[in-house]
>>> print(open('my_file.csv').read())   # CSV, N, CA and C atoms
chain,number,residue,atom,x,y,z
A,1,MET,N,191.3,37.3,71.8
A,1,MET,CA,190.0,36.9,71.4
A,1,MET,C,189.0,36.8,72.5
A,2,LYS,N,189.5,36.3,73.7
A,2,LYS,CA,188.7,36.2,74.9
A,2,LYS,C,188.2,37.6,75.4
A,3,ASN,N,189.1,38.6,75.2
A,3,ASN,CA,188.7,39.9,75.7
A,3,ASN,C,187.6,40.5,74.8
A,4,TYR,N,187.6,40.3,73.5
A,4,TYR,CA,186.5,40.7,72.7
A,4,TYR,C,185.2,40.1,73.0
A,5,PHE,N,185.3,38.8,73.3
A,5,PHE,CA,184.1,38.1,73.7
A,5,PHE,C,183.5,38.6,75.0
A,6,LYS,N,184.4,38.8,76.0
A,6,LYS,CA,184.0,39.4,77.3
A,6,LYS,C,183.3,40.8,77.2
A,7,ILE,N,184.0,41.6,76.3
A,7,ILE,CA,183.4,43.0,76.1
A,7,ILE,C,182.1,42.9,75.4
A,8,THR,N,181.9,42.0,74.4
A,8,THR,CA,180.7,41.8,73.7
A,8,THR,C,179.6,41.4,74.7
A,9,VAL,N,179.9,40.4,75.5
A,9,VAL,CA,178.9,39.9,76.5
A,9,VAL,C,178.5,41.0,77.5
A,10,ALA,N,179.5,41.8,77.9
A,10,ALA,CA,179.2,42.9,78.9
A,10,ALA,C,178.3,43.9,78.2
A,11,MET,N,178.6,44.3,77.0
A,11,MET,CA,177.8,45.3,76.3
A,11,MET,C,176.4,44.8,76.1
A,12,VAL,N,176.2,43.6,75.7
A,12,VAL,CA,174.8,43.0,75.6
A,12,VAL,C,174.1,43.1,76.9
A,13,ALA,N,174.8,42.7,78.0
A,13,ALA,CA,174.1,42.7,79.3
A,13,ALA,C,173.7,44.2,79.7
A,14,ILE,N,174.6,45.1,79.4
A,14,ILE,CA,174.3,46.5,79.8
A,14,ILE,C,173.1,47.0,79.0
A,15,PHE,N,173.1,46.8,77.7
A,15,PHE,CA,172.0,47.3,76.8
A,15,PHE,C,170.7,46.6,77.2
A,16,THR,N,170.7,45.3,77.6
A,16,THR,CA,169.5,44.6,78.1
A,16,THR,C,169.0,45.2,79.4
A,17,LEU,N,169.9,45.5,80.3
A,17,LEU,CA,169.4,46.1,81.6
A,17,LEU,C,168.9,47.5,81.4
A,18,VAL,N,169.5,48.3,80.6
A,18,VAL,CA,169.0,49.7,80.3
A,18,VAL,C,167.7,49.6,79.6
A,19,SER,N,167.5,48.8,78.6
A,19,SER,CA,166.2,48.8,77.9
A,19,SER,C,165.1,48.2,78.8
A,20,CYS,N,165.4,47.2,79.6
A,20,CYS,CA,164.4,46.7,80.5
A,20,CYS,C,164.0,47.7,81.6
A,21,ALA,N,164.9,48.5,82.1
A,21,ALA,CA,164.6,49.5,83.1
A,21,ALA,C,163.7,50.6,82.5
A,22,LYS,N,163.9,51.0,81.3
A,22,LYS,CA,163.0,52.0,80.7
A,22,LYS,C,161.6,51.4,80.5
A,23,LYS,N,161.5,50.2,80.0
A,23,LYS,CA,160.2,49.6,79.7
A,23,LYS,C,159.5,49.4,81.0
A,24,THR,N,160.1,49.0,82.1
A,24,THR,CA,159.5,48.8,83.4
A,24,THR,C,158.9,50.1,83.9
A,25,LYS,N,159.6,51.2,83.9
A,25,LYS,CA,159.1,52.5,84.5
A,25,LYS,C,157.9,53.0,83.6
A,26,ALA,N,158.0,52.9,82.3
A,26,ALA,CA,157.0,53.4,81.5
A,26,ALA,C,155.7,52.5,81.6
A,27,THR,N,155.9,51.2,81.8
A,27,THR,CA,154.7,50.4,81.9
A,27,THR,C,154.1,50.4,83.3
A,28,GLU,N,154.8,51.0,84.3
A,28,GLU,CA,154.2,51.0,85.7
A,28,GLU,C,152.9,51.8,85.7
A,29,LEU,N,152.8,52.8,84.8
A,29,LEU,CA,151.6,53.6,84.8
A,29,LEU,C,150.4,52.9,84.2
A,30,GLU,N,150.6,51.9,83.4
A,30,GLU,CA,149.5,51.1,82.8
A,30,GLU,C,148.7,50.5,83.9
A,31,GLY,N,147.3,50.5,83.7
A,31,GLY,CA,146.4,49.9,84.6
A,31,GLY,C,145.4,50.9,85.2
A,32,THR,N,144.8,50.5,86.3
A,32,THR,CA,143.8,51.4,86.9
A,32,THR,C,144.3,51.9,88.2
A,33,TRP,N,144.1,53.2,88.5
A,33,TRP,CA,144.5,53.8,89.7
A,33,TRP,C,143.3,54.4,90.4
A,34,GLU,N,143.1,54.3,91.7
A,34,GLU,CA,142.0,54.8,92.4
A,34,GLU,C,142.5,55.8,93.4
A,35,ILE,N,141.7,57.0,93.5
A,35,ILE,CA,142.1,58.1,94.4
A,35,ILE,C,142.0,57.6,95.8
A,36,ARG,N,143.0,58.1,96.6
A,36,ARG,CA,143.1,57.8,98.1
A,36,ARG,C,143.2,59.0,98.9
A,37,HIS,N,143.8,60.1,98.4
A,37,HIS,CA,143.9,61.3,99.2
A,37,HIS,C,144.0,62.5,98.3
A,38,VAL,N,143.5,63.7,98.8
A,38,VAL,CA,143.6,64.9,98.1
A,38,VAL,C,144.1,66.0,99.1
A,39,ALA,N,145.2,66.7,98.7
A,39,ALA,CA,145.7,67.8,99.5
A,39,ALA,C,145.5,69.1,98.7
A,40,GLY,N,145.0,70.1,99.4
A,40,GLY,CA,144.7,71.4,98.7
A,40,GLY,C,143.2,71.5,98.5
A,41,ILE,N,142.7,72.7,98.4
A,41,ILE,CA,141.3,73.0,98.2
A,41,ILE,C,140.4,72.2,99.1
A,42,GLN,N,140.8,71.9,100.3
A,42,GLN,CA,139.9,71.2,101.2
A,42,GLN,C,138.7,72.0,101.7
A,43,VAL,N,137.6,71.4,101.9
A,43,VAL,CA,136.4,72.0,102.5
A,43,VAL,C,136.4,71.6,103.9
A,44,ALA,N,136.1,72.6,104.8
A,44,ALA,CA,136.1,72.3,106.2
A,44,ALA,C,135.2,71.2,106.6
A,45,GLY,N,135.6,70.2,107.4
A,45,GLY,CA,134.8,69.1,107.8
A,45,GLY,C,134.7,68.0,106.8
A,46,VAL,N,135.4,68.1,105.7
A,46,VAL,CA,135.3,67.0,104.7
A,46,VAL,C,136.6,66.2,104.7
A,47,ASP,N,136.5,64.9,104.9
A,47,ASP,CA,137.7,64.1,105.0
A,47,ASP,C,138.5,64.0,103.7
A,48,PRO,N,139.8,64.4,103.6
A,48,PRO,CA,140.6,64.4,102.4
A,48,PRO,C,141.0,62.9,101.9
A,49,ASN,N,140.6,61.9,102.8
A,49,ASN,CA,141.0,60.5,102.4
A,49,ASN,C,139.8,59.8,101.8
A,50,PHE,N,140.1,58.9,100.9
A,50,PHE,CA,139.1,58.2,100.1
A,50,PHE,C,139.2,56.7,100.4
A,51,LYS,N,138.2,56.0,100.6
A,51,LYS,CA,138.2,54.6,100.8
A,51,LYS,C,138.2,53.8,99.5
A,52,ALA,N,138.6,52.6,99.5
A,52,ALA,CA,138.6,51.8,98.3
A,52,ALA,C,137.2,51.6,97.8
A,53,GLY,N,137.0,51.6,96.5
A,53,GLY,CA,135.7,51.4,95.9
A,53,GLY,C,135.0,52.7,95.7
A,54,ASN,N,135.7,53.9,95.7
A,54,ASN,CA,135.0,55.2,95.7
A,54,ASN,C,134.7,55.6,94.2
A,55,GLY,N,135.2,54.9,93.2
A,55,GLY,CA,134.8,55.2,91.8
A,55,GLY,C,135.5,56.3,91.2
A,56,ASN,N,136.5,56.9,91.8
A,56,ASN,CA,137.3,58.0,91.3
A,56,ASN,C,138.6,57.4,90.7
A,57,LEU,N,138.6,57.2,89.4
A,57,LEU,CA,139.7,56.4,88.8
A,57,LEU,C,140.4,57.1,87.7
A,58,LEU,N,141.7,56.7,87.5
A,58,LEU,CA,142.4,57.0,86.3
A,58,LEU,C,142.8,55.7,85.7
A,59,LYS,N,142.5,55.5,84.4
A,59,LYS,CA,142.9,54.3,83.7
A,59,LYS,C,143.8,54.6,82.5
A,60,PHE,N,144.9,53.8,82.4
A,60,PHE,CA,145.9,54.0,81.4
A,60,PHE,C,146.1,52.7,80.7
A,61,HIS,N,146.0,52.7,79.3
A,61,HIS,CA,146.2,51.5,78.5
A,61,HIS,C,146.6,51.8,77.1
A,62,ASP,N,147.7,51.3,76.7
A,62,ASP,CA,148.2,51.5,75.3
A,62,ASP,C,148.1,52.9,74.8
A,63,GLY,N,148.6,53.9,75.6
A,63,GLY,CA,148.6,55.3,75.2
A,63,GLY,C,147.3,56.0,75.3
A,64,ASN,N,146.3,55.3,75.9
A,64,ASN,CA,145.0,56.0,76.1
A,64,ASN,C,144.7,56.1,77.6
A,65,PHE,N,143.9,57.1,77.9
A,65,PHE,CA,143.5,57.2,79.3
A,65,PHE,C,142.0,57.5,79.4
A,66,GLU,N,141.5,57.2,80.6
A,66,GLU,CA,140.1,57.5,81.0
A,66,GLU,C,140.1,58.0,82.4
A,67,LYS,N,139.3,59.0,82.7
A,67,LYS,CA,139.1,59.6,84.0
A,67,LYS,C,137.7,59.4,84.4
A,68,HIS,N,137.5,58.7,85.6
A,68,HIS,CA,136.1,58.5,86.1
A,68,HIS,C,136.0,59.2,87.4
A,69,THR,N,134.9,59.9,87.6
A,69,THR,CA,134.5,60.5,88.8
A,69,THR,C,133.2,59.9,89.3
A,70,ASP,N,133.2,59.4,90.6
A,70,ASP,CA,132.1,58.7,91.2
A,70,ASP,C,131.5,57.7,90.2
A,71,GLY,N,132.4,57.0,89.5
A,71,GLY,CA,132.0,55.9,88.6
A,71,GLY,C,131.6,56.3,87.2
A,72,ALA,N,131.5,57.6,87.0
A,72,ALA,CA,131.1,58.0,85.6
A,72,ALA,C,132.3,58.5,84.8
A,73,LEU,N,132.4,58.1,83.6
A,73,LEU,CA,133.4,58.6,82.7
A,73,LEU,C,133.3,60.1,82.4
A,74,VAL,N,134.3,60.9,82.7
A,74,VAL,CA,134.3,62.3,82.6
A,74,VAL,C,135.3,62.8,81.6
A,75,ASP,N,136.3,62.0,81.2
A,75,ASP,CA,137.3,62.5,80.3
A,75,ASP,C,138.0,61.3,79.7
A,76,LYS,N,138.5,61.4,78.5
A,76,LYS,CA,139.3,60.3,77.9
A,76,LYS,C,140.1,60.9,76.7
A,77,GLY,N,141.1,60.1,76.3
A,77,GLY,CA,141.9,60.6,75.2
A,77,GLY,C,143.2,59.9,75.2
A,78,ILE,N,144.3,60.5,74.7
A,78,ILE,CA,145.6,60.0,74.7
A,78,ILE,C,146.5,60.6,75.7
A,79,PHE,N,147.6,59.8,76.1
A,79,PHE,CA,148.5,60.4,77.0
A,79,PHE,C,150.0,60.0,76.6
A,80,SER,N,150.9,60.7,77.1
A,80,SER,CA,152.3,60.4,77.0
A,80,SER,C,153.0,60.7,78.3
A,81,LEU,N,154.1,60.0,78.6
A,81,LEU,CA,154.8,60.1,79.8
A,81,LEU,C,156.2,60.5,79.5
A,82,ILE,N,156.7,61.6,80.1
A,82,ILE,CA,158.0,62.1,79.8
A,82,ILE,C,158.8,62.2,81.1
A,83,PRO,N,160.0,61.6,81.1
A,83,PRO,CA,160.8,61.7,82.3
A,83,PRO,C,161.1,63.2,82.6
A,84,GLU,N,160.8,63.7,83.8
A,84,GLU,CA,161.0,65.1,84.1
A,84,GLU,C,161.0,65.2,85.7
A,85,SER,N,161.9,65.9,86.2
A,85,SER,CA,162.0,66.1,87.6
A,85,SER,C,161.8,67.5,88.0
A,86,GLU,N,160.9,67.7,89.0
A,86,GLU,CA,160.5,69.0,89.5
A,86,GLU,C,160.2,69.0,91.0
A,87,SER,N,160.7,70.0,91.8
A,87,SER,CA,160.3,70.0,93.2
A,87,SER,C,159.0,70.7,93.3
A,88,ILE,N,158.1,70.0,94.0
A,88,ILE,CA,156.7,70.5,94.2
A,88,ILE,C,156.2,70.1,95.6
A,89,ASN,N,155.7,71.0,96.4
A,89,ASN,CA,155.0,70.7,97.7
A,89,ASN,C,155.9,69.7,98.5
A,90,ASN,N,157.1,70.0,98.7
A,90,ASN,CA,158.1,69.2,99.5
A,90,ASN,C,158.2,67.8,99.0
A,91,SER,N,157.9,67.6,97.7
A,91,SER,CA,158.1,66.3,97.0
A,91,SER,C,158.9,66.5,95.7
A,92,GLN,N,159.2,65.5,95.0
A,92,GLN,CA,160.0,65.5,93.8
A,92,GLN,C,159.2,64.7,92.8
A,93,SER,N,158.7,65.3,91.7
A,93,SER,CA,158.1,64.6,90.6
A,93,SER,C,159.2,63.9,89.8
A,94,ASN,N,158.8,62.8,89.1
A,94,ASN,CA,159.7,62.1,88.3
A,94,ASN,C,159.3,62.0,86.8
A,95,TYR,N,158.1,62.4,86.5
A,95,TYR,CA,157.5,62.4,85.1
A,95,TYR,C,156.6,63.6,84.9
A,96,ALA,N,156.5,63.9,83.6
A,96,ALA,CA,155.4,64.8,83.2
A,96,ALA,C,154.4,63.9,82.5
A,97,LEU,N,153.1,64.0,82.8
A,97,LEU,CA,152.0,63.3,82.2
A,97,LEU,C,151.3,64.3,81.3
A,98,VAL,N,151.3,64.0,80.0
A,98,VAL,CA,150.7,64.9,79.0
A,98,VAL,C,149.4,64.2,78.5
A,99,LEU,N,148.3,64.9,78.8
A,99,LEU,CA,147.0,64.4,78.4
A,99,LEU,C,146.5,65.2,77.1
A,100,ASN,N,146.1,64.4,76.1
A,100,ASN,CA,145.5,65.0,74.9
A,100,ASN,C,146.4,66.0,74.2
A,101,ASP,N,147.7,65.9,74.4
A,101,ASP,CA,148.7,66.7,73.8
A,101,ASP,C,148.6,68.2,74.2
A,102,ASN,N,147.8,68.5,75.3
A,102,ASN,CA,147.7,69.9,75.7
A,102,ASN,C,147.7,70.1,77.2
A,103,GLU,N,147.5,69.1,78.0
A,103,GLU,CA,147.5,69.3,79.5
A,103,GLU,C,148.6,68.6,80.1
A,104,LYS,N,149.6,69.3,80.7
A,104,LYS,CA,150.8,68.7,81.2
A,104,LYS,C,150.7,68.8,82.7
A,105,LEU,N,150.8,67.6,83.4
A,105,LEU,CA,150.8,67.5,84.8
A,105,LEU,C,152.1,66.9,85.3
A,106,SER,N,152.6,67.4,86.4
A,106,SER,CA,153.8,66.7,87.0
A,106,SER,C,153.3,65.6,87.9
A,107,ILE,N,154.0,64.5,87.8
A,107,ILE,CA,153.5,63.3,88.7
A,107,ILE,C,154.7,62.7,89.3
A,108,LEU,N,154.4,61.9,90.4
A,108,LEU,CA,155.4,61.1,91.1
A,108,LEU,C,154.9,59.7,90.9
A,109,LEU,N,155.5,58.9,90.2
A,109,LEU,CA,155.1,57.5,89.9
A,109,LEU,C,156.1,56.6,90.7
A,110,ASP,N,155.6,55.9,91.7
A,110,ASP,CA,156.5,55.1,92.5
A,110,ASP,C,155.7,53.8,92.9
A,111,ASP,N,156.1,52.7,92.4
A,111,ASP,CA,155.5,51.4,92.7
A,111,ASP,C,154.0,51.4,92.5
A,112,LYS,N,153.3,51.3,93.6
A,112,LYS,CA,151.8,51.3,93.6
A,112,LYS,C,151.2,52.6,94.0
A,113,LYS,N,152.0,53.7,93.9
A,113,LYS,CA,151.5,55.0,94.2
A,113,LYS,C,151.7,56.0,93.1
A,114,LEU,N,150.7,56.8,92.8
A,114,LEU,CA,150.7,57.8,91.8
A,114,LEU,C,150.3,59.1,92.4
A,115,VAL,N,151.1,60.1,92.4
A,115,VAL,CA,150.8,61.4,92.9
A,115,VAL,C,150.7,62.4,91.7
A,116,VAL,N,149.6,63.1,91.6
A,116,VAL,CA,149.4,64.0,90.5
A,116,VAL,C,149.4,65.4,91.1
A,117,PHE,N,150.3,66.2,90.7
A,117,PHE,CA,150.5,67.6,91.1
A,117,PHE,C,149.8,68.5,90.1
A,118,ASN,N,148.9,69.3,90.6
A,118,ASN,CA,148.2,70.3,89.7
A,118,ASN,C,148.5,71.7,90.4
A,119,GLY,N,149.7,72.2,90.1
A,119,GLY,CA,150.1,73.5,90.8
A,119,GLY,C,150.6,73.2,92.2
A,120,VAL,N,150.8,74.2,92.9
A,120,VAL,CA,151.3,74.2,94.3
A,120,VAL,C,150.1,74.3,95.3
A,121,VAL,N,150.1,73.4,96.3
A,121,VAL,CA,149.0,73.4,97.3
A,121,VAL,C,148.9,74.8,97.9
A,122,ALA,N,150.0,75.5,98.3
A,122,ALA,CA,150.0,76.8,98.9
A,122,ALA,C,149.3,77.8,98.1
A,123,ALA,N,149.3,77.6,96.8
A,123,ALA,CA,148.7,78.6,95.8
A,123,ALA,C,147.4,78.0,95.1
A,124,ASP,N,146.6,77.4,96.0
A,124,ASP,CA,145.3,76.8,95.5
A,124,ASP,C,145.5,75.6,94.5
A,125,GLY,N,146.6,75.0,94.5
A,125,GLY,CA,146.8,73.8,93.7
A,125,GLY,C,146.3,72.6,94.4
A,126,THR,N,146.5,71.4,93.8
A,126,THR,CA,146.1,70.2,94.4
A,126,THR,C,147.2,69.1,94.3
A,127,GLU,N,147.2,68.2,95.2
A,127,GLU,CA,148.1,67.0,95.1
A,127,GLU,C,147.2,65.8,95.4
A,128,ILE,N,147.0,65.0,94.4
A,128,ILE,CA,146.1,63.9,94.5
A,128,ILE,C,146.9,62.6,94.4
A,129,THR,N,146.7,61.8,95.4
A,129,THR,CA,147.4,60.5,95.5
A,129,THR,C,146.4,59.4,95.1
A,130,TYR,N,146.9,58.5,94.2
A,130,TYR,CA,146.2,57.4,93.7
A,130,TYR,C,146.9,56.1,94.1
A,131,GLU,N,146.2,55.0,94.3
A,131,GLU,CA,146.7,53.7,94.5
A,131,GLU,C,146.4,52.8,93.4
A,132,LYS,N,147.4,52.0,93.0
A,132,LYS,CA,147.2,51.1,91.8
A,132,LYS,C,146.3,49.9,92.2
A,133,GLN,N,145.3,49.6,91.4
A,133,GLN,CA,144.4,48.5,91.6
A,133,GLN,C,144.9,47.2,91.0
A,134,GLU,N,144.7,46.1,91.6
A,134,GLU,CA,145.2,44.9,91.1
A,134,GLU,C,144.1,44.2,90.3
>>> encode(input="my_file.csv", output="structure tokens")
Amino acid sequence: MKNYFKITVAMVAIFTLVSCAKKTKATELEGTWEIRHVAGIQVAGVDPNFKAGNGNLLKFHDGNFEKHTDGALVDKGIFSLIPESESINNSQSNYALVLNDNEKLSILLDDKKLVVFNGVVAADGTEITYEKQE
């Protein structure tokens, strides 16, 4: 009888840890992200780094997103996040971000950093790094 109890407790603990881990990663995207760096398509003499307060934002909340450029809303709609790993630009993505069910971007979501890959930098793609706002 004690063995059944121990097995039951162990199974409940494992299911709890697994379900919490999935929720934590998926909810890490929720919030406001501000651009900090752009790699690819650089213009000579233009700094690829962006200071805080630049108004270039991605906002994610309850399955909806907004994209702001220089403080102005330029796109909005729905999003989904799919676990997916891909080697890009000497990095490794960990999710695919699908916007409005038709635009799929590879991303690296890690703590307070979001990297959005749009193609390969060597082939006129971009790698945009965002920082999470508190």
>>> residues_near_point(input="my_file.csv", point="(150.8, 56.0, 88.7)", cutoff="8 Å", atoms="only N, CA and C atoms", output="number ranges by chain")
A: 28-30, 32-33, 107-116, 130-132
>>> atom_distance(input="my_file.csv", atom1="CA of Gly77 in chain A", atom2="CA of Gly55 in chain A")
18.8 Å
>>> atom_distance(input="my_file.csv", atom1="CA of Phe50 in chain A", atom2="CA of Lys67 in chain A")
16.2 Å
>>> atom_distance(input="my_file.csv", atom1="CA of Gly45 in chain A", atom2="CA of Gln133 in chain A")
27.9 Å
>>> residues_around(input="my_file.csv", residues="Asn94 in chain A", least_positions_apart="6", cutoff="8 Å", atoms="only N, CA and C atoms", output="ChimeraX atom specification")
/A:82-87,106-109
>>> residues_around(input="my_file.csv", residues="Asp62 in chain A", least_positions_apart="2", cutoff="8 Å", atoms="all atoms listed in the file", output="list in words")
Glu30, Gly31, Lys59, Phe60, Asn64, Phe65, Ile78 and Phe79 of chain A
